[in-house]
>>> print(open('data00.txt').read())   # compact mmCIF, C-alpha atoms
# COMPACT_ATOMS: atom_id res chain seq x y z
CA MET A 27 63.72 -145.81 278.30
CA VAL A 28 65.00 -143.01 276.09
CA LYS A 29 66.13 -140.03 278.13
CA VAL A 30 64.80 -136.74 276.73
CA PHE A 31 65.63 -133.17 277.70
CA ILE A 32 63.60 -130.22 276.41
CA ASP A 33 65.64 -127.02 276.60
CA GLY A 34 63.10 -124.23 276.42
CA SER A 35 60.19 -126.28 277.70
CA GLU A 36 58.27 -123.16 278.76
CA GLY A 37 57.90 -121.78 275.22
CA THR A 38 55.05 -122.61 272.83
CA THR A 39 56.87 -125.37 270.93
CA GLY A 40 58.50 -126.80 274.05
CA LEU A 41 55.18 -127.00 275.86
CA ARG A 42 53.56 -128.77 272.92
CA ILE A 43 56.38 -131.32 272.76
CA PHE A 44 56.12 -131.91 276.49
CA GLU A 45 52.34 -132.39 276.23
CA ARG A 46 52.74 -134.93 273.41
CA PHE A 47 55.16 -136.95 275.50
CA GLU A 48 52.98 -137.13 278.61
CA LYS A 49 51.14 -140.22 277.37
CA ARG A 50 54.20 -142.09 276.14
CA ASN A 51 55.78 -144.84 278.20
CA ASP A 52 58.95 -145.29 276.15
CA ILE A 53 60.71 -142.12 277.29
CA GLU A 54 61.93 -140.45 280.45
CA ILE A 55 61.75 -136.63 280.56
CA LEU A 56 64.70 -135.02 282.32
CA LYS A 57 63.29 -131.95 284.08
CA ILE A 58 65.48 -128.99 284.99
CA SER A 59 64.37 -126.67 287.79
CA SER A 60 62.92 -123.37 286.59
CA GLU A 61 65.48 -121.25 288.42
CA LEU A 62 68.38 -123.06 286.71
CA ARG A 63 67.00 -123.36 283.18
CA LYS A 64 69.28 -120.55 281.95
CA ASP A 65 72.36 -121.69 283.87
CA PRO A 66 74.82 -123.02 281.23
CA THR A 67 76.52 -125.40 283.64
CA GLU A 68 73.25 -126.98 284.71
CA VAL A 69 71.85 -127.07 281.18
CA SER A 70 75.03 -128.78 280.00
CA LYS A 71 74.53 -131.53 282.56
CA PHE A 72 71.03 -132.23 281.29
CA ILE A 73 72.00 -132.15 277.61
CA ASN A 74 74.86 -134.58 278.15
CA ALA A 75 72.74 -136.87 280.32
CA SER A 76 70.09 -137.16 277.60
CA ASP A 77 69.81 -139.44 274.60
CA VAL A 78 67.88 -136.75 272.74
CA THR A 79 67.69 -133.04 273.49
CA PHE A 80 65.09 -130.75 271.93
CA LEU A 81 66.09 -127.10 271.59
CA CYS A 82 63.04 -124.79 271.71
CA LEU A 83 64.98 -121.56 272.04
CA PRO A 84 65.77 -118.29 270.28
CA ASP A 85 68.50 -118.67 267.65
CA ALA A 86 71.40 -117.32 269.70
CA ALA A 87 70.51 -119.48 272.68
CA ALA A 88 70.17 -122.55 270.45
CA LYS A 89 73.65 -122.00 269.01
CA GLU A 90 75.06 -121.67 272.52
CA ALA A 91 73.23 -124.79 273.70
CA VAL A 92 74.82 -126.90 270.95
CA THR A 93 78.27 -125.97 272.26
CA LEU A 94 77.30 -127.36 275.67
CA CYS A 95 77.02 -130.88 274.27
CA THR A 96 80.39 -132.52 274.89
CA ASN A 97 79.65 -136.13 273.96
CA ASP A 98 79.09 -137.92 270.65
CA LYS A 99 75.94 -139.80 271.62
CA THR A 100 73.32 -137.11 272.30
CA VAL A 101 71.05 -136.33 269.38
CA ILE A 102 70.02 -132.69 269.20
CA ILE A 103 66.75 -131.71 267.50
CA ASP A 104 66.67 -127.94 267.09
CA ALA A 105 63.32 -126.19 266.52
CA SER A 106 64.92 -122.75 266.04
CA THR A 107 66.03 -121.10 262.80
CA ALA A 108 69.68 -121.35 263.77
CA HIS A 109 70.81 -124.51 261.97
CA ARG A 110 68.34 -125.18 259.15
CA THR A 111 70.83 -124.42 256.40
CA GLU A 112 74.00 -125.31 258.30
CA PRO A 113 76.33 -128.04 256.95
CA GLY A 114 76.20 -131.22 259.02
CA TRP A 115 72.58 -130.70 260.09
CA ALA A 116 69.83 -132.92 258.71
CA TYR A 117 66.79 -131.02 257.50
CA GLY A 118 63.79 -132.44 259.34
CA PHE A 119 61.37 -132.95 256.44
CA PRO A 120 61.68 -136.69 255.72
CA GLU A 121 59.08 -136.74 252.95
CA LEU A 122 61.30 -134.73 250.60
CA SER A 123 63.47 -137.71 249.67
CA ALA A 124 64.90 -141.01 250.88
CA GLU A 125 68.14 -139.14 251.52
CA HIS A 126 66.43 -136.66 253.82
CA ARG A 127 64.81 -139.45 255.83
CA GLU A 128 68.08 -141.37 256.12
CA ALA A 129 69.96 -138.25 257.23
CA ILE A 130 67.43 -137.82 260.03
CA ARG A 131 67.59 -141.50 261.01
CA THR A 132 71.36 -141.53 261.31
CA GLY A 133 72.06 -137.92 262.24
CA LYS A 134 73.11 -136.45 265.56
CA ARG A 135 72.07 -132.91 264.58
CA ILE A 136 68.59 -132.36 263.17
CA ALA A 137 67.01 -128.99 262.31
CA VAL A 138 63.20 -128.80 262.40
CA PRO A 139 61.81 -126.80 259.43
CA GLY A 140 60.12 -123.45 259.91
CA CYS A 141 56.33 -123.37 259.71
CA TYR A 142 55.95 -121.19 256.60
CA ALA A 143 58.99 -122.87 255.09
CA SER A 144 57.40 -126.31 255.54
CA GLY A 145 54.42 -125.28 253.44
CA PHE A 146 56.59 -123.65 250.77
CA VAL A 147 59.14 -126.46 250.58
CA SER A 148 56.42 -129.14 250.43
CA LEU A 149 55.18 -127.55 247.17
CA VAL A 150 58.36 -126.28 245.52
CA TYR A 151 60.82 -129.11 246.15
CA PRO A 152 58.91 -131.80 244.19
CA LEU A 153 58.15 -129.46 241.28
CA VAL A 154 61.80 -128.40 240.96
CA LYS A 155 62.98 -132.01 241.27
CA ALA A 156 60.56 -133.09 238.53
CA GLY A 157 61.80 -130.36 236.19
CA ILE A 158 58.44 -128.59 236.06
CA LEU A 159 59.38 -125.50 238.05
CA PRO A 160 62.56 -123.77 236.79
CA LYS A 161 65.01 -122.75 239.48
CA ASP A 162 64.97 -119.14 238.28
CA TYR A 163 61.15 -118.80 238.38
CA PRO A 164 60.15 -115.48 240.08
CA LEU A 165 58.06 -117.08 242.82
CA SER A 166 55.48 -115.33 244.98
CA CYS A 167 54.18 -116.91 248.16
CA PHE A 168 51.12 -115.82 250.15
CA ALA A 169 50.49 -117.40 253.54
CA ALA A 170 48.01 -117.11 256.41
CA SER A 171 48.69 -118.38 259.92
CA GLY A 172 47.03 -118.56 263.30
CA TYR A 173 48.42 -116.14 265.86
CA SER A 174 50.12 -118.90 267.90
CA GLY A 175 52.92 -118.84 265.34
CA GLY A 176 54.06 -115.55 266.84
CA GLY A 177 54.90 -117.09 270.21
CA LYS A 178 53.94 -116.11 273.74
CA ASN A 179 53.90 -112.35 273.27
CA LEU A 180 51.64 -112.38 270.22
CA ILE A 181 49.36 -114.99 271.80
CA ALA A 182 48.98 -112.73 274.84
CA GLN A 183 48.16 -109.74 272.65
CA TYR A 184 45.47 -111.62 270.74
CA GLU A 185 43.95 -113.19 273.85
CA ASP A 186 43.92 -110.01 275.95
CA SER A 187 40.29 -109.28 276.87
CA GLU A 188 41.03 -105.58 276.44
CA ARG A 189 42.96 -105.90 273.21
CA ASP A 190 42.89 -103.23 270.52
CA ALA A 191 40.30 -103.71 267.76
CA GLN A 192 43.12 -104.08 265.21
CA TYR A 193 43.64 -107.66 266.39
CA SER A 194 40.27 -108.58 264.89
CA SER A 195 41.69 -107.96 261.43
CA ALA A 196 44.47 -109.53 259.38
CA ARG A 197 47.95 -108.68 260.67
CA MET A 198 50.15 -108.38 257.57
CA TYR A 199 53.89 -108.23 258.08
CA GLY A 200 57.25 -109.11 256.52
CA TRP A 201 57.16 -105.96 254.38
CA SER A 202 60.94 -105.63 254.21
CA GLN A 203 61.19 -109.06 252.53
CA SER A 204 63.65 -110.20 255.19
CA HIS A 205 61.55 -112.87 256.94
CA LYS A 206 63.77 -115.40 258.73
CA HIS A 207 62.36 -118.34 256.74
CA LEU A 208 63.42 -116.96 253.33
CA ARG A 209 66.96 -118.29 253.46
CA GLU A 210 65.68 -121.76 254.27
CA MET A 211 63.00 -121.63 251.57
CA LYS A 212 65.64 -120.89 248.95
CA ALA A 213 68.38 -123.22 250.17
CA ILE A 214 66.31 -126.35 250.68
CA THR A 215 64.46 -126.15 247.36
CA GLY A 216 67.47 -125.14 245.28
CA ILE A 217 65.78 -122.12 243.69
CA GLU A 218 68.01 -119.26 242.59
CA ARG A 219 66.22 -116.35 244.24
CA GLU A 220 64.22 -115.84 247.39
CA PRO A 221 60.46 -115.69 246.78
CA LEU A 222 58.38 -112.56 247.18
CA PHE A 223 56.86 -113.58 250.51
CA CYS A 224 53.66 -112.08 251.95
CA PRO A 225 52.58 -113.63 255.28
CA PHE A 226 49.83 -112.61 257.65
CA THR A 227 48.26 -113.76 260.90
CA THR A 228 44.67 -113.26 261.94
CA ASP A 229 42.26 -113.94 264.77
CA TYR A 230 42.39 -117.72 265.24
CA TYR A 231 44.79 -119.81 267.29
CA SER A 232 46.44 -122.31 264.96
CA GLY A 233 46.44 -123.58 261.40
CA MET A 234 48.23 -122.34 258.29
CA MET A 235 47.79 -122.20 254.55
CA VAL A 236 50.65 -121.45 252.17
CA GLN A 237 49.76 -120.56 248.56
CA LEU A 238 51.97 -120.59 245.50
CA PRO A 239 50.56 -119.08 242.26
CA LEU A 240 52.18 -120.18 238.98
CA TYR A 241 51.95 -118.99 235.37
CA THR A 242 52.07 -122.06 233.15
CA GLU A 243 53.88 -120.13 230.38
CA LEU A 244 56.81 -119.51 232.74
CA LEU A 245 57.25 -123.15 233.76
CA SER A 246 59.97 -125.33 232.26
CA ARG A 247 57.35 -126.83 229.99
CA LYS A 248 53.67 -126.27 229.40
CA VAL A 249 51.82 -128.44 231.91
CA THR A 250 48.24 -128.71 233.07
CA ALA A 251 46.98 -128.44 236.63
CA ALA A 252 46.27 -132.17 236.44
CA GLU A 253 49.93 -132.87 235.63
CA VAL A 254 51.07 -130.72 238.56
CA GLN A 255 48.69 -132.57 240.87
CA GLN A 256 49.98 -135.91 239.59
CA CYS A 257 53.59 -134.83 240.11
CA LEU A 258 52.91 -133.98 243.75
CA ALA A 259 50.81 -137.11 244.30
CA ASP A 260 53.60 -139.30 242.89
CA HIS A 261 56.23 -137.60 245.01
CA TYR A 262 54.32 -138.12 248.26
CA LYS A 263 52.80 -141.51 247.43
CA GLY A 264 52.65 -143.69 250.55
CA GLU A 265 53.53 -140.91 252.99
CA LYS A 266 51.48 -140.78 256.20
CA PHE A 267 51.99 -137.09 256.83
CA ILE A 268 51.45 -135.61 253.36
CA HIS A 269 48.16 -135.97 251.52
CA VAL A 270 47.65 -134.63 247.98
CA ASN A 271 44.01 -133.92 247.22
CA PRO A 272 42.43 -134.70 243.86
CA LEU A 273 42.48 -131.83 241.37
CA GLY A 274 39.90 -129.18 242.25
CA ALA A 275 39.10 -130.68 245.67
CA GLU A 276 38.15 -127.22 246.90
CA ALA A 277 34.91 -127.53 244.90
CA ASP A 278 33.68 -130.09 247.45
CA LYS A 279 34.05 -127.34 250.08
CA GLY A 280 32.07 -124.74 248.16
CA ASN A 281 35.21 -123.37 246.49
CA VAL A 282 36.27 -121.93 249.84
CA LEU A 283 39.19 -123.09 251.99
CA TYR A 284 39.88 -122.06 255.58
CA SER A 285 43.41 -121.78 256.88
CA ASN A 286 42.54 -123.36 260.25
CA GLU A 287 41.14 -126.58 258.79
CA MET A 288 44.16 -128.63 259.92
CA SER A 289 44.36 -127.16 263.43
CA GLY A 290 45.22 -129.82 265.98
CA ARG A 291 46.71 -132.19 263.39
CA ASP A 292 50.29 -133.18 262.61
CA ASP A 293 49.95 -133.90 258.90
CA LEU A 294 49.75 -131.66 255.84
CA THR A 295 47.34 -131.61 252.90
CA ILE A 296 47.96 -130.16 249.44
CA TYR A 297 45.49 -128.57 247.01
CA VAL A 298 45.97 -127.96 243.27
CA THR A 299 43.59 -125.86 241.21
CA GLY A 300 43.61 -123.46 238.27
CA ASN A 301 43.27 -123.32 234.49
CA GLU A 302 45.49 -123.62 231.42
CA ASP A 303 47.17 -120.26 232.11
CA ARG A 304 47.38 -120.02 235.90
CA ILE A 305 47.75 -122.72 238.55
CA VAL A 306 47.63 -122.36 242.33
CA VAL A 307 49.13 -124.98 244.63
CA ALA A 308 48.57 -124.69 248.36
CA SER A 309 49.54 -126.55 251.50
CA SER A 310 47.35 -126.60 254.61
CA PHE A 311 48.60 -127.72 258.03
CA ASP A 312 48.91 -126.72 261.67
CA ASN A 313 51.72 -124.25 262.31
CA LEU A 314 52.16 -125.93 265.72
CA GLY A 315 51.93 -129.45 264.24
CA LYS A 316 53.73 -130.28 261.00
CA GLY A 317 55.02 -126.71 261.23
CA ALA A 318 56.71 -127.12 264.63
CA SER A 319 56.31 -129.63 267.49
CA GLY A 320 54.69 -132.33 265.37
CA ALA A 321 57.60 -132.25 262.92
CA ALA A 322 60.08 -132.37 265.80
CA ILE A 323 58.45 -135.48 267.26
CA GLN A 324 58.21 -137.12 263.84
CA CYS A 325 61.99 -136.69 263.53
CA PHE A 326 62.41 -138.07 267.05
CA ASN A 327 60.38 -141.14 266.12
CA ILE A 328 62.58 -141.71 263.07
CA VAL A 329 65.70 -141.52 265.25
CA LEU A 330 64.19 -144.09 267.61
CA GLY A 331 63.17 -146.37 264.74
CA VAL A 332 59.50 -146.47 265.77
CA ASP A 333 56.42 -145.66 263.71
CA GLU A 334 56.76 -142.02 262.63
CA ALA A 335 53.21 -141.28 263.73
CA THR A 336 53.69 -142.46 267.31
CA GLY A 337 52.07 -139.95 269.65
CA LEU A 338 50.92 -137.77 266.76
CA ASN A 339 47.55 -136.98 265.21
CA VAL A 340 47.44 -137.95 261.55
>>> encode(input="data00.txt", output="structure tokens")
Amino acid sequence: MVKVFIDGSEGTTGLRIFERFEKRNDIEILKISSELRKDPTEVSKFINASDVTFLCLPDAAAKEAVTLCTNDKTVIIDASTAHRTEPGWAYGFPELSAEHREAIRTGKRIAVPGCYASGFVSLVYPLVKAGILPKDYPLSCFAASGYSGGGKNLIAQYEDSERDAQYSSARMYGWSQSHKHLREMKAITGIEREPLFCPFTTDYYSGMMVQLPLYTELLSRKVTAAEVQQCLADHYKGEKFIHVNPLGAEADKGNVLYSNEMSGRDDLTIYVTGNEDRIVVASSFDNLGKGASGAAIQCFNIVLGVDEATGLNV
């Protein structure tokens, strides 16, 4: 039995991880009492008694929690922003390359990608690697998410029976261009500048779509939408968690896509469409699945050496 401790088990991501583990018989959950869950001495005991600890905490608390691990055997999987670009931490998106998957398999410190960042990285990394997307391209990224991505407070605001009418409309934010995922989006893909990032949430619980518009004349070479689709399909060939749709797959859905279509799932699907001048690539997934707890458990499964999809919905 693998001993697992979830530090921050009362938050959205922690609760989802705990729920996914309830039906598994290969792990033992170490449960800390509620009144002691913020006591460093007690938390340290649980971290060091575990084989794997999940950190589902604010950044500062996650950094502090790592210092409480005093042995060289406990694997820490951090779902916060704190360590995603830190040296010595494996980036928890195994489909990017064989090196990423191996770093997760052998690592003791694993950082789970951010939700928006997962969608962005899934599109940009392969295109940069293939030499299609130049590293200095002035990227724009538009993304819609369910309100659960905002955590407990935002969930409560949206689900309040007496909520303000404004919560029935799109909630656009990130105006200062300082969203916490930007550093990760740049560092992991190797691009030279942070993208112009425009996210919004609206009145549905979970699901996310990240869109990346591209001018073909600004790419490293003139390519068609079909070539972009083929590049992404080749990169993710054989992957259980990433599916690249045929070119123009949105036509089968009446040329309309909904950002909650992957709600409740742990995989990610990619669309490619456009014309000879402008191409749009988009990733659709659950912000609580491949964008959070699902990705964390996928990394956990890799560490254990079991099927990556164990306990997940793909």
>>> closest_atom_pairs(input="data00.txt", of="region 209-325 of chain A", to="region 143-151 of chain A", cutoff="6 Å", atoms="all atoms listed in the file", output="CSV")
residue,atom,partner,partner_atom,distance
A:Met211,CA,A:Ala143,CA,5.5
A:Thr215,CA,A:Tyr151,CA,4.8
A:Val236,CA,A:Gly145,CA,5.5
A:Ser309,CA,A:Gly145,CA,5.4
>>> residues_around(input="data00.txt", residues="Leu208 (chain A)", least_positions_apart="3", cutoff="9 Å", atoms="all atoms listed in the file", output="compact mmCIF listing (two decimals) with C-alpha atoms, in the frame of the given file")
# COMPACT_ATOMS: atom_id res chain seq x y z
CA ALA A 143 58.99 -122.87 255.09
CA GLN A 203 61.19 -109.06 252.53
CA SER A 204 63.65 -110.20 255.19
CA HIS A 205 61.55 -112.87 256.94
CA MET A 211 63.00 -121.63 251.57
CA LYS A 212 65.64 -120.89 248.95
CA ALA A 213 68.38 -123.22 250.17
CA GLU A 220 64.22 -115.84 247.39
CA PRO A 221 60.46 -115.69 246.78
CA PHE A 223 56.86 -113.58 250.51
>>> residues_around(input="data00.txt", residues="Thr93 (chain A)", least_positions_apart="2", cutoff="12 Å", atoms="only C-alpha atoms", output="ChimeraX atom specification")
/A:66-67,69-70,73-74,86-91,95-97,102
>>> closest_residue(input="data00.txt", among="A:Asp77, A:Asp190, A:Glu276, A:Glu185", to="Tyr231 (chain A)", atoms="only C-alpha atoms")
A:Glu185
>>> closest_atom_pairs(input="data00.txt", of="region 118-198 of chain A", to="region 242-263 of chain A", cutoff="8 Å", atoms="all atoms listed in the file", output="Markdown table")
| residue | atom | partner | partner_atom | distance |
| --- | --- | --- | --- | --- |
| A:Glu121 | CA | A:Tyr262 | CA | 6.8 |
| A:Leu149 | CA | A:Leu258 | CA | 7.6 |
| A:Pro152 | CA | A:Leu258 | CA | 6.4 |
| A:Leu153 | CA | A:Cys257 | CA | 7.1 |
| A:Ala156 | CA | A:Cys257 | CA | 7.4 |
| A:Gly157 | CA | A:Ser246 | CA | 6.6 |
| A:Ile158 | CA | A:Ser246 | CA | 5.2 |
| A:Leu159 | CA | A:Leu245 | CA | 5.3 |
| A:Pro160 | CA | A:Ser246 | CA | 5.4 |
| A:Tyr163 | CA | A:Leu244 | CA | 7.2 |
>>> closest_residue(input="data00.txt", among="A:Ile130, A:Ala116, A:Ala191, A:Val30", to="Val329 (chain A)", atoms="all atoms listed in the file")
A:Ile130
>>> closest_residue(input="data00.txt", among="A:Gly300, A:Gly216, A:Pro84, A:Gly34", to="Lys64 (chain A)", atoms="only C-alpha atoms")
A:Gly34
>>> closest_residue(input="data00.txt", among="A:Ile214, A:Glu334, A:Leu83, A:Phe326", to="His126 (chain A)", atoms="all atoms listed in the file")
A:Ile214
